Every structure is written in structure tokens, then in C-alpha cells.
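This report refers to the structure that appears directly beneath it.
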Amino acid sequence: MSITIKSFTPSKLKVLYRTTKSEKVKSRIIPLGHCQKIVKTLTNNSSCDRIGRIIYKTPLKAAVNKAVFSEVEKDCAAMCSKKLPSVLRDFSSENVSTFSLDKLNIEIQKKAPLLHGVLQHSVKDPFWELLSMNIC
């Protein structure tokens, strides 16, 4: 998707974009307010942290939280699936004897990447950071 921002008045922002599905150029006018600030920040190649802070100061916070929670729930469902069972569901003696947290970590990264990211960022213990870098 390509996006071009054209500001024609201080209170309005015109966004021109082309989707990957269509070659037509579409446009939207973003009214003054929170959304305009978000769009300008996105187009200025700002850091993800700055964009996140701006979104969290707007009424979009609840919608973003709901979407993230929904995706994490889908990731958890994928981990608990009986069709493609997790290493946690396999109770065979061979699996139990070879079980390791590294295997579990790799599986979570593959089956539930958003859940892995949430868990990784919620644990900010320096010991775990050193352990993940194989320093300890």
C-alpha cells in the first residue's frame, strides 16, 4: 500500500492511498483531532513507541486493546488446539523425558507470536535477558 499525505488547510488532512488489490488511487479527508495527529505521526517515520503513546492518548485506546486481546486469545486457542497439539499436550514418555523450556519457547514463537511478544515484554528481569542471550 502506498500512502501520500497532502495537507491543504491547517484543520484538514487529505490522505491519498493505493491498496495492493486495486490500482485506483483513493482519498480520505481526516478531520482535525486525534486521528489527524496519528496519521501525521505515522507518515513522519516516527518510532513505534511514539506512535503507541499517541494512540494510547486517544479514544482509540479501547479499540486497540480489544483487538490485541482478541489476537492474544486466538494465539492461546492455537496453543491449546487438539488438531495440532502443543508439546504441553503430549504426555508420551518420550516427550516428557525430552521436554525443555527452549522447545516450549520455540513453539510459542511459531504458534502464538503475539502471545510470545506480550509475555516477553511483560517480563523485564535482567536475569532473563542475560539468559536469553546465553550469557549465564
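Chain labels A, B, ... are given in the sequence in which chains occur in the C-alpha cells; within each chain residues are numbered consecutively from 1, and ligands are likewise numbered from 1 in the order shown.
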Using only C-alpha atoms, which protein or nucleic acid residues come within 12 Å of Pro59 of chain A? Drop anything in the same chain fewer than 5 positions from it, and give the result as number ranges by chain.
A: 33-35, 38, 54, 64-65
Might you pull out every residue within 9 Å of Glu107 of chain A, with only C-alpha atoms counted and same-chain residues fewer than 3 positions away left off, and present them as JSON, numbers by chain?
{"A": [79, 86, 87, 102, 103, 104, 110, 111, 112]}
Please indicate the distance in Å from atom CA of His121 of chain A to atom CA of Asp75 of chain A, rounded to one decimal place.
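A separation of 16.2 Å between them.
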Mind listing the helix (DSSP H, G or I) residues of segment 61-129 of chain A, per DSSP on the backbone, as a PDB file with N, CA, C and O atoms, in the first residue's frame?
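Saved as result-v1.pdb:
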ATOM      1  N   LYS A  61      -7.767   3.905  22.187  1.00  0.00           N
ATOM      2  CA  LYS A  61      -7.119   3.005  23.140  1.00  0.00           C
ATOM      3  C   LYS A  61      -7.967   1.763  23.406  1.00  0.00           C
ATOM      4  O   LYS A  61      -7.454   0.633  23.371  1.00  0.00           O
ATOM      5  N   ALA A  62      -9.252   1.935  23.648  1.00  0.00           N
ATOM      6  CA  ALA A  62     -10.125   0.795  23.947  1.00  0.00           C
ATOM      7  C   ALA A  62     -10.206  -0.157  22.753  1.00  0.00           C
ATOM      8  O   ALA A  62     -10.155  -1.382  22.926  1.00  0.00           O
ATOM      9  N   ALA A  63     -10.310   0.387  21.547  1.00  0.00           N
ATOM     10  CA  ALA A  63     -10.396  -0.456  20.348  1.00  0.00           C
ATOM     11  C   ALA A  63      -9.093  -1.219  20.110  1.00  0.00           C
ATOM     12  O   ALA A  63      -9.115  -2.395  19.738  1.00  0.00           O
ATOM     13  N   VAL A  64      -7.971  -0.542  20.335  1.00  0.00           N
ATOM     14  CA  VAL A  64      -6.668  -1.199  20.164  1.00  0.00           C
ATOM     15  C   VAL A  64      -6.515  -2.315  21.195  1.00  0.00           C
ATOM     16  O   VAL A  64      -6.101  -3.427  20.860  1.00  0.00           O
ATOM     17  N   ASN A  65      -6.867  -2.028  22.452  1.00  0.00           N
ATOM     18  CA  ASN A  65      -6.794  -3.061  23.493  1.00  0.00           C
ATOM     19  C   ASN A  65      -7.664  -4.263  23.135  1.00  0.00           C
ATOM     20  O   ASN A  65      -7.235  -5.409  23.269  1.00  0.00           O
ATOM     21  N   LYS A  66      -8.866  -4.003  22.668  1.00  0.00           N
ATOM     22  CA  LYS A  66      -9.787  -5.081  22.321  1.00  0.00           C
ATOM     23  C   LYS A  66      -9.209  -5.935  21.190  1.00  0.00           C
ATOM     24  O   LYS A  66      -9.274  -7.168  21.233  1.00  0.00           O
ATOM     25  N   ALA A  67      -8.631  -5.289  20.185  1.00  0.00           N
ATOM     26  CA  ALA A  67      -8.047  -6.021  19.061  1.00  0.00           C
ATOM     27  C   ALA A  67      -6.851  -6.860  19.506  1.00  0.00           C
ATOM     28  O   ALA A  67      -6.712  -8.023  19.099  1.00  0.00           O
ATOM     29  N   VAL A  68      -6.006  -6.298  20.355  1.00  0.00           N
ATOM     30  CA  VAL A  68      -4.835  -7.035  20.842  1.00  0.00           C
ATOM     31  C   VAL A  68      -5.279  -8.222  21.688  1.00  0.00           C
ATOM     32  O   VAL A  68      -4.785  -9.341  21.519  1.00  0.00           O
ATOM     33  N   PHE A  69      -6.232  -8.006  22.592  1.00  0.00           N
ATOM     34  CA  PHE A  69      -6.717  -9.098  23.440  1.00  0.00           C
ATOM     35  C   PHE A  69      -7.343 -10.202  22.589  1.00  0.00           C
ATOM     36  O   PHE A  69      -7.175 -11.388  22.876  1.00  0.00           O
ATOM     37  N   SER A  70      -8.052  -9.818  21.545  1.00  0.00           N
ATOM     38  CA  SER A  70      -8.667 -10.802  20.657  1.00  0.00           C
ATOM     39  C   SER A  70      -7.599 -11.645  19.961  1.00  0.00           C
ATOM     40  O   SER A  70      -7.727 -12.872  19.857  1.00  0.00           O
ATOM     41  N   GLU A  71      -6.537 -11.000  19.491  1.00  0.00           N
ATOM     42  CA  GLU A  71      -5.452 -11.726  18.824  1.00  0.00           C
ATOM     43  C   GLU A  71      -4.705 -12.628  19.796  1.00  0.00           C
ATOM     44  O   GLU A  71      -4.320 -13.747  19.441  1.00  0.00           O
ATOM     45  N   VAL A  72      -4.487 -12.163  21.024  1.00  0.00           N
ATOM     46  CA  VAL A  72      -3.827 -12.998  22.036  1.00  0.00           C
ATOM     47  C   VAL A  72      -4.700 -14.213  22.351  1.00  0.00           C
ATOM     48  O   VAL A  72      -4.198 -15.331  22.515  1.00  0.00           O
ATOM     49  N   GLU A  73      -6.006 -14.004  22.400  1.00  0.00           N
ATOM     50  CA  GLU A  73      -6.924 -15.113  22.645  1.00  0.00           C
ATOM     51  C   GLU A  73      -6.848 -16.144  21.514  1.00  0.00           C
ATOM     52  O   GLU A  73      -6.854 -17.357  21.759  1.00  0.00           O
ATOM     53  N   LYS A  74      -6.729 -15.677  20.268  1.00  0.00           N
ATOM     54  CA  LYS A  74      -6.577 -16.592  19.136  1.00  0.00           C
ATOM     55  C   LYS A  74      -5.267 -17.370  19.239  1.00  0.00           C
ATOM     56  O   LYS A  74      -5.210 -18.566  18.933  1.00  0.00           O
ATOM     57  N   ASP A  75      -4.204 -16.681  19.661  1.00  0.00           N
ATOM     58  CA  ASP A  75      -2.916 -17.345  19.850  1.00  0.00           C
ATOM     59  C   ASP A  75      -3.012 -18.429  20.917  1.00  0.00           C
ATOM     60  O   ASP A  75      -2.487 -19.528  20.754  1.00  0.00           O
ATOM     61  N   CYS A  76      -3.704 -18.124  22.016  1.00  0.00           N
ATOM     62  CA  CYS A  76      -3.879 -19.108  23.087  1.00  0.00           C
ATOM     63  C   CYS A  76      -4.694 -20.297  22.581  1.00  0.00           C
ATOM     64  O   CYS A  76      -4.386 -21.450  22.913  1.00  0.00           O
ATOM     65  N   ALA A  77      -5.705 -20.033  21.780  1.00  0.00           N
ATOM     66  CA  ALA A  77      -6.513 -21.115  21.211  1.00  0.00           C
ATOM     67  C   ALA A  77      -5.658 -21.992  20.304  1.00  0.00           C
ATOM     68  O   ALA A  77      -5.814 -23.220  20.297  1.00  0.00           O
ATOM     69  N   ALA A  78      -4.746 -21.391  19.552  1.00  0.00           N
ATOM     70  CA  ALA A  78      -3.855 -22.173  18.688  1.00  0.00           C
ATOM     71  C   ALA A  78      -2.930 -23.057  19.522  1.00  0.00           C
ATOM     72  O   ALA A  78      -2.656 -24.203  19.152  1.00  0.00           O
ATOM     73  N   MET A  79      -2.484 -22.552  20.655  1.00  0.00           N
ATOM     74  CA  MET A  79      -1.625 -23.343  21.534  1.00  0.00           C
ATOM     75  C   MET A  79      -2.394 -24.504  22.166  1.00  0.00           C
ATOM     76  O   MET A  79      -1.820 -25.548  22.446  1.00  0.00           O
ATOM     77  N   SER A  93       5.857 -40.760  27.115  1.00  0.00           N
ATOM     78  CA  SER A  93       7.070 -40.831  27.943  1.00  0.00           C
ATOM     79  C   SER A  93       8.268 -40.235  27.215  1.00  0.00           C
ATOM     80  O   SER A  93       9.131 -39.604  27.832  1.00  0.00           O
ATOM     81  N   GLU A  94       8.306 -40.404  25.897  1.00  0.00           N
ATOM     82  CA  GLU A  94       9.418 -39.832  25.128  1.00  0.00           C
ATOM     83  C   GLU A  94       9.407 -38.305  25.185  1.00  0.00           C
ATOM     84  O   GLU A  94      10.438 -37.674  25.394  1.00  0.00           O
ATOM     85  N   ASN A  95       8.219 -37.721  25.016  1.00  0.00           N
ATOM     86  CA  ASN A  95       8.101 -36.261  25.045  1.00  0.00           C
ATOM     87  C   ASN A  95       8.392 -35.713  26.440  1.00  0.00           C
ATOM     88  O   ASN A  95       9.058 -34.688  26.574  1.00  0.00           O
ATOM     89  N   VAL A  96       7.881 -36.365  27.457  1.00  0.00           N
ATOM     90  CA  VAL A  96       8.093 -35.888  28.822  1.00  0.00           C
ATOM     91  C   VAL A  96       9.577 -35.921  29.166  1.00  0.00           C
ATOM     92  O   VAL A  96      10.102 -35.009  29.809  1.00  0.00           O
ATOM     93  N   SER A  97      10.277 -36.952  28.700  1.00  0.00           N
ATOM     94  CA  SER A  97      11.706 -37.050  29.024  1.00  0.00           C
ATOM     95  C   SER A  97      12.548 -36.044  28.249  1.00  0.00           C
ATOM     96  O   SER A  97      13.634 -35.666  28.695  1.00  0.00           O
ATOM     97  N   THR A  98      12.069 -35.601  27.086  1.00  0.00           N
ATOM     98  CA  THR A  98      12.844 -34.644  26.284  1.00  0.00           C
ATOM     99  C   THR A  98      12.294 -33.217  26.361  1.00  0.00           C
ATOM    100  O   THR A  98      12.775 -32.342  25.644  1.00  0.00           O
ATOM    101  N   LEU A 101      12.232 -26.075  28.250  1.00  0.00           N
ATOM    102  CA  LEU A 101      11.632 -24.748  28.098  1.00  0.00           C
ATOM    103  C   LEU A 101      12.014 -24.119  26.759  1.00  0.00           C
ATOM    104  O   LEU A 101      11.262 -23.316  26.217  1.00  0.00           O
ATOM    105  N   ASP A 102      13.167 -24.493  26.242  1.00  0.00           N
ATOM    106  CA  ASP A 102      13.560 -23.987  24.919  1.00  0.00           C
ATOM    107  C   ASP A 102      12.600 -24.473  23.841  1.00  0.00           C
ATOM    108  O   ASP A 102      12.210 -23.704  22.957  1.00  0.00           O
ATOM    109  N   LYS A 103      12.210 -25.754  23.914  1.00  0.00           N
ATOM    110  CA  LYS A 103      11.235 -26.295  22.956  1.00  0.00           C
ATOM    111  C   LYS A 103       9.908 -25.551  23.072  1.00  0.00           C
ATOM    112  O   LYS A 103       9.289 -25.201  22.068  1.00  0.00           O
ATOM    113  N   LEU A 104       9.480 -25.341  24.307  1.00  0.00           N
ATOM    114  CA  LEU A 104       8.221 -24.629  24.532  1.00  0.00           C
ATOM    115  C   LEU A 104       8.306 -23.204  23.998  1.00  0.00           C
ATOM    116  O   LEU A 104       7.390 -22.717  23.346  1.00  0.00           O
ATOM    117  N   ASN A 105       9.413 -22.543  24.247  1.00  0.00           N
ATOM    118  CA  ASN A 105       9.611 -21.171  23.775  1.00  0.00           C
ATOM    119  C   ASN A 105       9.553 -21.105  22.251  1.00  0.00           C
ATOM    120  O   ASN A 105       8.891 -20.228  21.682  1.00  0.00           O
ATOM    121  N   ILE A 106      10.203 -22.047  21.581  1.00  0.00           N
ATOM    122  CA  ILE A 106      10.187 -22.072  20.115  1.00  0.00           C
ATOM    123  C   ILE A 106       8.774 -22.306  19.601  1.00  0.00           C
ATOM    124  O   ILE A 106       8.325 -21.666  18.646  1.00  0.00           O
ATOM    125  N   GLU A 107       8.045 -23.214  20.261  1.00  0.00           N
ATOM    126  CA  GLU A 107       6.681 -23.485  19.839  1.00  0.00           C
ATOM    127  C   GLU A 107       5.778 -22.265  20.027  1.00  0.00           C
ATOM    128  O   GLU A 107       4.967 -21.944  19.157  1.00  0.00           O
ATOM    129  N   ILE A 108       5.934 -21.573  21.143  1.00  0.00           N
ATOM    130  CA  ILE A 108       5.128 -20.367  21.376  1.00  0.00           C
ATOM    131  C   ILE A 108       5.460 -19.307  20.329  1.00  0.00           C
ATOM    132  O   ILE A 108       4.569 -18.633  19.823  1.00  0.00           O
ATOM    133  N   GLN A 109       6.737 -19.170  19.982  1.00  0.00           N
ATOM    134  CA  GLN A 109       7.118 -18.203  18.952  1.00  0.00           C
ATOM    135  C   GLN A 109       6.463 -18.528  17.615  1.00  0.00           C
ATOM    136  O   GLN A 109       6.054 -17.619  16.887  1.00  0.00           O
ATOM    137  N   LYS A 110       6.348 -19.818  17.282  1.00  0.00           N
ATOM    138  CA  LYS A 110       5.777 -20.214  15.998  1.00  0.00           C
ATOM    139  C   LYS A 110       4.251 -20.169  16.000  1.00  0.00           C
ATOM    140  O   LYS A 110       3.641 -19.651  15.074  1.00  0.00           O
ATOM    141  N   LYS A 111       3.629 -20.737  17.038  1.00  0.00           N
ATOM    142  CA  LYS A 111       2.172 -20.854  17.064  1.00  0.00           C
ATOM    143  C   LYS A 111       1.469 -19.613  17.593  1.00  0.00           C
ATOM    144  O   LYS A 111       0.314 -19.372  17.245  1.00  0.00           O
ATOM    145  N   PRO A 113       2.830 -15.948  18.091  1.00  0.00           N
ATOM    146  CA  PRO A 113       3.847 -14.888  18.127  1.00  0.00           C
ATOM    147  C   PRO A 113       3.441 -13.666  18.943  1.00  0.00           C
ATOM    148  O   PRO A 113       4.281 -13.085  19.638  1.00  0.00           O
ATOM    149  N   LEU A 114       2.181 -13.279  18.884  1.00  0.00           N
ATOM    150  CA  LEU A 114       1.758 -12.110  19.662  1.00  0.00           C
ATOM    151  C   LEU A 114       1.789 -12.422  21.150  1.00  0.00           C
ATOM    152  O   LEU A 114       2.262 -11.603  21.956  1.00  0.00           O
ATOM    153  N   LEU A 115       1.325 -13.596  21.532  1.00  0.00           N
ATOM    154  CA  LEU A 115       1.398 -14.013  22.930  1.00  0.00           C
ATOM    155  C   LEU A 115       2.844 -14.042  23.398  1.00  0.00           C
ATOM    156  O   LEU A 115       3.155 -13.583  24.492  1.00  0.00           O
ATOM    157  N   HIS A 116       3.727 -14.541  22.563  1.00  0.00           N
ATOM    158  CA  HIS A 116       5.153 -14.564  22.913  1.00  0.00           C
ATOM    159  C   HIS A 116       5.680 -13.152  23.146  1.00  0.00           C
ATOM    160  O   HIS A 116       6.403 -12.897  24.103  1.00  0.00           O
ATOM    161  N   GLY A 117       5.302 -12.228  22.268  1.00  0.00           N
ATOM    162  CA  GLY A 117       5.738 -10.841  22.430  1.00  0.00           C
ATOM    163  C   GLY A 117       5.211 -10.208  23.701  1.00  0.00           C
ATOM    164  O   GLY A 117       5.941  -9.503  24.406  1.00  0.00           O
ATOM    165  N   VAL A 118       3.936 -10.477  24.014  1.00  0.00           N
ATOM    166  CA  VAL A 118       3.342  -9.933  25.243  1.00  0.00           C
ATOM    167  C   VAL A 118       4.064 -10.494  26.461  1.00  0.00           C
ATOM    168  O   VAL A 118       4.420  -9.752  27.386  1.00  0.00           O
ATOM    169  N   LEU A 119       4.294 -11.792  26.459  1.00  0.00           N
ATOM    170  CA  LEU A 119       4.996 -12.413  27.590  1.00  0.00           C
ATOM    171  C   LEU A 119       6.425 -11.899  27.706  1.00  0.00           C
ATOM    172  O   LEU A 119       6.908 -11.617  28.800  1.00  0.00           O
ATOM    173  N   GLN A 120       7.088 -11.767  26.580  1.00  0.00           N
ATOM    174  CA  GLN A 120       8.471 -11.312  26.576  1.00  0.00           C
ATOM    175  C   GLN A 120       8.592  -9.885  27.112  1.00  0.00           C
ATOM    176  O   GLN A 120       9.488  -9.572  27.875  1.00  0.00           O
ATOM    177  N   HIS A 121       7.662  -9.022  26.722  1.00  0.00           N
ATOM    178  CA  HIS A 121       7.739  -7.634  27.159  1.00  0.00           C
ATOM    179  C   HIS A 121       7.190  -7.418  28.556  1.00  0.00           C
ATOM    180  O   HIS A 121       7.470  -6.399  29.180  1.00  0.00           O
ATOM    181  N   SER A 122       6.416  -8.369  29.054  1.00  0.00           N
ATOM    182  CA  SER A 122       5.889  -8.211  30.412  1.00  0.00           C
ATOM    183  C   SER A 122       6.899  -8.659  31.455  1.00  0.00           C
ATOM    184  O   SER A 122       6.800  -8.287  32.618  1.00  0.00           O
ATOM    185  N   PRO A 126      16.392  -8.585  34.413  1.00  0.00           N
ATOM    186  CA  PRO A 126      17.701  -8.646  33.748  1.00  0.00           C
ATOM    187  C   PRO A 126      18.258 -10.070  33.647  1.00  0.00           C
ATOM    188  O   PRO A 126      18.935 -10.408  32.693  1.00  0.00           O
ATOM    189  N   PHE A 127      17.933 -10.928  34.627  1.00  0.00           N
ATOM    190  CA  PHE A 127      18.412 -12.306  34.575  1.00  0.00           C
ATOM    191  C   PHE A 127      17.893 -13.011  33.332  1.00  0.00           C
ATOM    192  O   PHE A 127      18.633 -13.710  32.646  1.00  0.00           O
ATOM    193  N   TRP A 128      16.606 -12.816  33.007  1.00  0.00           N
ATOM    194  CA  TRP A 128      16.021 -13.469  31.835  1.00  0.00           C
ATOM    195  C   TRP A 128      16.613 -12.916  30.551  1.00  0.00           C
ATOM    196  O   TRP A 128      16.787 -13.631  29.581  1.00  0.00           O
ATOM    197  N   GLU A 129      16.958 -11.618  30.553  1.00  0.00           N
ATOM    198  CA  GLU A 129      17.585 -11.044  29.368  1.00  0.00           C
ATOM    199  C   GLU A 129      18.972 -11.653  29.151  1.00  0.00           C
ATOM    200  O   GLU A 129      19.352 -11.989  28.041  1.00  0.00           O
TER     201      GLU A 129
END
